[in-house]
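Following: one structure in structure tokens, then a few remarks.
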Amino acid sequence: LAAKWKAFLFVVGVLLLFPLALVPANWLSARGLLQGQAAWTAAMNWGVFLAVLVPTTVAAWCEGQPVGSFGLPWRAGRERLFAEGVAWGVGAAGLLAGLLHVTGVARGLGLTPGASEAIRSGPTWGLSLLGFALFEQSLKRGYLQSTLGRALGFWQAAWLLSILFALERLLAYRNPLALTAFLVTGLLACLTLRRTG
């Protein structure tokens, strides 16, 4: 199949599985196994990650590739590159948060009522954000980036996907700085992918 059809079938697979992403969170919640917003959000974020991981696994099987070749390499001896990728990601997120704070787009309120509960639920929110990050990056920088990158070239695919996913945010964030930040963060993630695998 041509790369455009592979990308199309992958997106269709993700869209078909997306509604099922809420099933585990709702099932666990109905049985009282998820206490609080953090736990429900974590279950939901890991559900949407699975909605991307399943089509990625099927595509990898069809192409005779390991799933890790699409942005999630779990090979021994890559710890330094993984640490470098984490450093780039944390640095980019910190820079974005600082820019949003300095420009007045976002403001920290310090300790507020309920802060102790937020601190107690911190590890759960961390797990939730890890699931969300895996979902977002697997969708944007995983199979689509690999497939389109083989057809168009790595950076052409990186620009195309970064622009498309920045435009996706247009409805939620009408601030040009926020949209620019999404584009730059997307390109930085592509640079990280290129450098670290």
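Naming scheme: A, B, ... for chains in displayed order of the structure tokens; residues 1 onward per chain; ligands 1 onward as shown.
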
Quiz prompt | Near-A:Gly71 list (8 Å; only C-alpha atoms; drop same-chain fewer than 3 positions) as a count of residues only | solution = 7

Find the spatial neighbours of A:Leu9, counting only C-alpha atoms, within a cut-off of 12 Å - ignore same-chain residues fewer than 4 positions away - and output them as a PDB file with all heavy atoms, in the first residue's frame.
```
ATOM      1  N   LEU A   1       0.837  -1.193   0.000  1.00  0.00           N
ATOM      2  CA  LEU A   1       0.000   0.000   0.000  1.00  0.00           C
ATOM      3  C   LEU A   1       0.875   1.246   0.000  1.00  0.00           C
ATOM      4  O   LEU A   1       1.954   1.254   0.584  1.00  0.00           O
ATOM      5  CB  LEU A   1      -0.873   0.038   1.247  1.00  0.00           C
ATOM      6  CG  LEU A   1      -2.066  -0.906   1.321  1.00  0.00           C
ATOM      7  CD1 LEU A   1      -2.755  -0.756   2.664  1.00  0.00           C
ATOM      8  CD2 LEU A   1      -3.038  -0.643   0.206  1.00  0.00           C
ATOM      9  N   ALA A   2       0.366   2.305  -0.600  1.00  0.00           N
ATOM     10  CA  ALA A   2       1.055   3.591  -0.567  1.00  0.00           C
ATOM     11  C   ALA A   2       0.961   4.163   0.842  1.00  0.00           C
ATOM     12  O   ALA A   2       0.042   3.838   1.611  1.00  0.00           O
ATOM     13  CB  ALA A   2       0.418   4.549  -1.572  1.00  0.00           C
ATOM     14  N   ALA A   3       1.917   5.018   1.167  1.00  0.00           N
ATOM     15  CA  ALA A   3       1.984   5.585   2.516  1.00  0.00           C
ATOM     16  C   ALA A   3       0.702   6.311   2.896  1.00  0.00           C
ATOM     17  O   ALA A   3       0.241   6.215   4.032  1.00  0.00           O
ATOM     18  CB  ALA A   3       3.177   6.530   2.624  1.00  0.00           C
ATOM     19  N   LYS A   4       0.087   7.020   1.939  1.00  0.00           N
ATOM     20  CA  LYS A   4      -1.138   7.767   2.272  1.00  0.00           C
ATOM     21  C   LYS A   4      -2.259   6.826   2.689  1.00  0.00           C
ATOM     22  O   LYS A   4      -3.046   7.137   3.577  1.00  0.00           O
ATOM     23  CB  LYS A   4      -1.566   8.668   1.120  1.00  0.00           C
ATOM     24  CG  LYS A   4      -1.959   7.942  -0.139  1.00  0.00           C
ATOM     25  CD  LYS A   4      -2.326   8.900  -1.253  1.00  0.00           C
ATOM     26  CE  LYS A   4      -2.630   8.129  -2.529  1.00  0.00           C
ATOM     27  NZ  LYS A   4      -2.900   9.032  -3.645  1.00  0.00           N
ATOM     28  N   TRP A   5      -2.333   5.639   2.052  1.00  0.00           N
ATOM     29  CA  TRP A   5      -3.377   4.684   2.417  1.00  0.00           C
ATOM     30  C   TRP A   5      -3.079   4.014   3.744  1.00  0.00           C
ATOM     31  O   TRP A   5      -3.986   3.745   4.530  1.00  0.00           O
ATOM     32  CB  TRP A   5      -3.563   3.645   1.306  1.00  0.00           C
ATOM     33  CG  TRP A   5      -4.158   4.271   0.079  1.00  0.00           C
ATOM     34  CD1 TRP A   5      -3.548   4.455  -1.125  1.00  0.00           C
ATOM     35  CD2 TRP A   5      -5.462   4.838  -0.036  1.00  0.00           C
ATOM     36  NE1 TRP A   5      -4.396   5.103  -1.984  1.00  0.00           N
ATOM     37  CE2 TRP A   5      -5.588   5.341  -1.348  1.00  0.00           C
ATOM     38  CE3 TRP A   5      -6.546   4.977   0.838  1.00  0.00           C
ATOM     39  CZ2 TRP A   5      -6.744   5.967  -1.805  1.00  0.00           C
ATOM     40  CZ3 TRP A   5      -7.703   5.592   0.384  1.00  0.00           C
ATOM     41  CH2 TRP A   5      -7.795   6.076  -0.910  1.00  0.00           C
ATOM     42  N   GLY A  13      -8.485   3.209  12.048  1.00  0.00           N
ATOM     43  CA  GLY A  13      -8.403   2.275  13.169  1.00  0.00           C
ATOM     44  C   GLY A  13      -8.443   2.985  14.509  1.00  0.00           C
ATOM     45  O   GLY A  13      -9.151   2.552  15.430  1.00  0.00           O
ATOM     46  N   VAL A  14      -7.701   4.077  14.624  1.00  0.00           N
ATOM     47  CA  VAL A  14      -7.705   4.853  15.871  1.00  0.00           C
ATOM     48  C   VAL A  14      -9.101   5.407  16.133  1.00  0.00           C
ATOM     49  O   VAL A  14      -9.620   5.314  17.258  1.00  0.00           O
ATOM     50  CB  VAL A  14      -6.651   5.983  15.831  1.00  0.00           C
ATOM     51  CG1 VAL A  14      -6.816   6.924  17.015  1.00  0.00           C
ATOM     52  CG2 VAL A  14      -5.239   5.403  15.797  1.00  0.00           C
ATOM     53  N   LEU A  15      -9.726   5.983  15.111  1.00  0.00           N
ATOM     54  CA  LEU A  15     -11.062   6.573  15.293  1.00  0.00           C
ATOM     55  C   LEU A  15     -12.105   5.522  15.664  1.00  0.00           C
ATOM     56  O   LEU A  15     -13.021   5.807  16.444  1.00  0.00           O
ATOM     57  CB  LEU A  15     -11.484   7.325  14.029  1.00  0.00           C
ATOM     58  CG  LEU A  15     -10.702   8.606  13.738  1.00  0.00           C
ATOM     59  CD1 LEU A  15     -11.121   9.201  12.397  1.00  0.00           C
ATOM     60  CD2 LEU A  15     -10.864   9.617  14.860  1.00  0.00           C
ATOM     61  N   LEU A  16     -11.973   4.311  15.122  1.00  0.00           N
ATOM     62  CA  LEU A  16     -12.913   3.243  15.472  1.00  0.00           C
ATOM     63  C   LEU A  16     -12.743   2.791  16.919  1.00  0.00           C
ATOM     64  O   LEU A  16     -13.714   2.444  17.588  1.00  0.00           O
ATOM     65  CB  LEU A  16     -12.747   2.054  14.529  1.00  0.00           C
ATOM     66  CG  LEU A  16     -13.266   2.260  13.104  1.00  0.00           C
ATOM     67  CD1 LEU A  16     -12.913   1.064  12.230  1.00  0.00           C
ATOM     68  CD2 LEU A  16     -14.763   2.514  13.099  1.00  0.00           C
ATOM     69  N   PRO A  55      -3.862  -0.154  16.895  1.00  0.00           N
ATOM     70  CA  PRO A  55      -3.618  -0.018  15.451  1.00  0.00           C
ATOM     71  C   PRO A  55      -2.121   0.033  15.109  1.00  0.00           C
ATOM     72  O   PRO A  55      -1.713  -0.457  14.054  1.00  0.00           O
ATOM     73  CB  PRO A  55      -4.300   1.303  15.079  1.00  0.00           C
ATOM     74  CG  PRO A  55      -5.301   1.530  16.140  1.00  0.00           C
ATOM     75  CD  PRO A  55      -4.729   0.924  17.385  1.00  0.00           C
ATOM     76  N   THR A  56      -1.312   0.609  16.008  1.00  0.00           N
ATOM     77  CA  THR A  56       0.133   0.630  15.771  1.00  0.00           C
ATOM     78  C   THR A  56       0.684  -0.787  15.761  1.00  0.00           C
ATOM     79  O   THR A  56       1.501  -1.148  14.901  1.00  0.00           O
ATOM     80  CB  THR A  56       0.844   1.470  16.852  1.00  0.00           C
ATOM     81  OG1 THR A  56       0.339   2.798  16.820  1.00  0.00           O
ATOM     82  CG2 THR A  56       2.348   1.505  16.630  1.00  0.00           C
ATOM     83  N   VAL A  58      -0.993  -3.571  15.094  1.00  0.00           N
ATOM     84  CA  VAL A  58      -1.488  -4.251  13.892  1.00  0.00           C
ATOM     85  C   VAL A  58      -0.681  -3.816  12.672  1.00  0.00           C
ATOM     86  O   VAL A  58      -0.266  -4.647  11.851  1.00  0.00           O
ATOM     87  CB  VAL A  58      -2.997  -3.977  13.686  1.00  0.00           C
ATOM     88  CG1 VAL A  58      -3.475  -4.467  12.324  1.00  0.00           C
ATOM     89  CG2 VAL A  58      -3.811  -4.620  14.805  1.00  0.00           C
ATOM     90  N   ALA A  59      -0.436  -2.504  12.551  1.00  0.00           N
ATOM     91  CA  ALA A  59       0.346  -1.992  11.419  1.00  0.00           C
ATOM     92  C   ALA A  59       1.772  -2.543  11.454  1.00  0.00           C
ATOM     93  O   ALA A  59       2.327  -2.923  10.417  1.00  0.00           O
ATOM     94  CB  ALA A  59       0.361  -0.467  11.440  1.00  0.00           C
ATOM     95  N   TYR A 143       3.428   5.869  14.373  1.00  0.00           N
ATOM     96  CA  TYR A 143       3.256   5.247  13.059  1.00  0.00           C
ATOM     97  C   TYR A 143       3.052   6.282  11.956  1.00  0.00           C
ATOM     98  O   TYR A 143       3.609   6.139  10.859  1.00  0.00           O
ATOM     99  CB  TYR A 143       2.085   4.256  13.095  1.00  0.00           C
ATOM    100  CG  TYR A 143       1.917   3.526  11.791  1.00  0.00           C
ATOM    101  CD1 TYR A 143       2.791   2.500  11.451  1.00  0.00           C
ATOM    102  CD2 TYR A 143       0.926   3.879  10.894  1.00  0.00           C
ATOM    103  CE1 TYR A 143       2.669   1.833  10.240  1.00  0.00           C
ATOM    104  CE2 TYR A 143       0.795   3.218   9.686  1.00  0.00           C
ATOM    105  CZ  TYR A 143       1.663   2.206   9.363  1.00  0.00           C
ATOM    106  OH  TYR A 143       1.540   1.553   8.161  1.00  0.00           O
ATOM    107  N   LEU A 144       2.256   7.321  12.212  1.00  0.00           N
ATOM    108  CA  LEU A 144       2.024   8.344  11.180  1.00  0.00           C
ATOM    109  C   LEU A 144       3.326   9.011  10.757  1.00  0.00           C
ATOM    110  O   LEU A 144       3.593   9.173   9.569  1.00  0.00           O
ATOM    111  CB  LEU A 144       1.037   9.408  11.684  1.00  0.00           C
ATOM    112  CG  LEU A 144      -0.431   9.017  11.716  1.00  0.00           C
ATOM    113  CD1 LEU A 144      -1.264  10.161  12.285  1.00  0.00           C
ATOM    114  CD2 LEU A 144      -0.927   8.655  10.325  1.00  0.00           C
ATOM    115  N   THR A 147       5.481   6.439   8.752  1.00  0.00           N
ATOM    116  CA  THR A 147       4.951   6.121   7.431  1.00  0.00           C
ATOM    117  C   THR A 147       5.052   7.314   6.491  1.00  0.00           C
ATOM    118  O   THR A 147       5.535   7.191   5.361  1.00  0.00           O
ATOM    119  CB  THR A 147       3.486   5.651   7.542  1.00  0.00           C
ATOM    120  OG1 THR A 147       3.455   4.501   8.373  1.00  0.00           O
ATOM    121  CG2 THR A 147       2.902   5.306   6.195  1.00  0.00           C
TER     122      THR A 147
END
```

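In this structure, atom CA of A:Arg194 sits 25.8 Å away from atom CA of A:Ser128.
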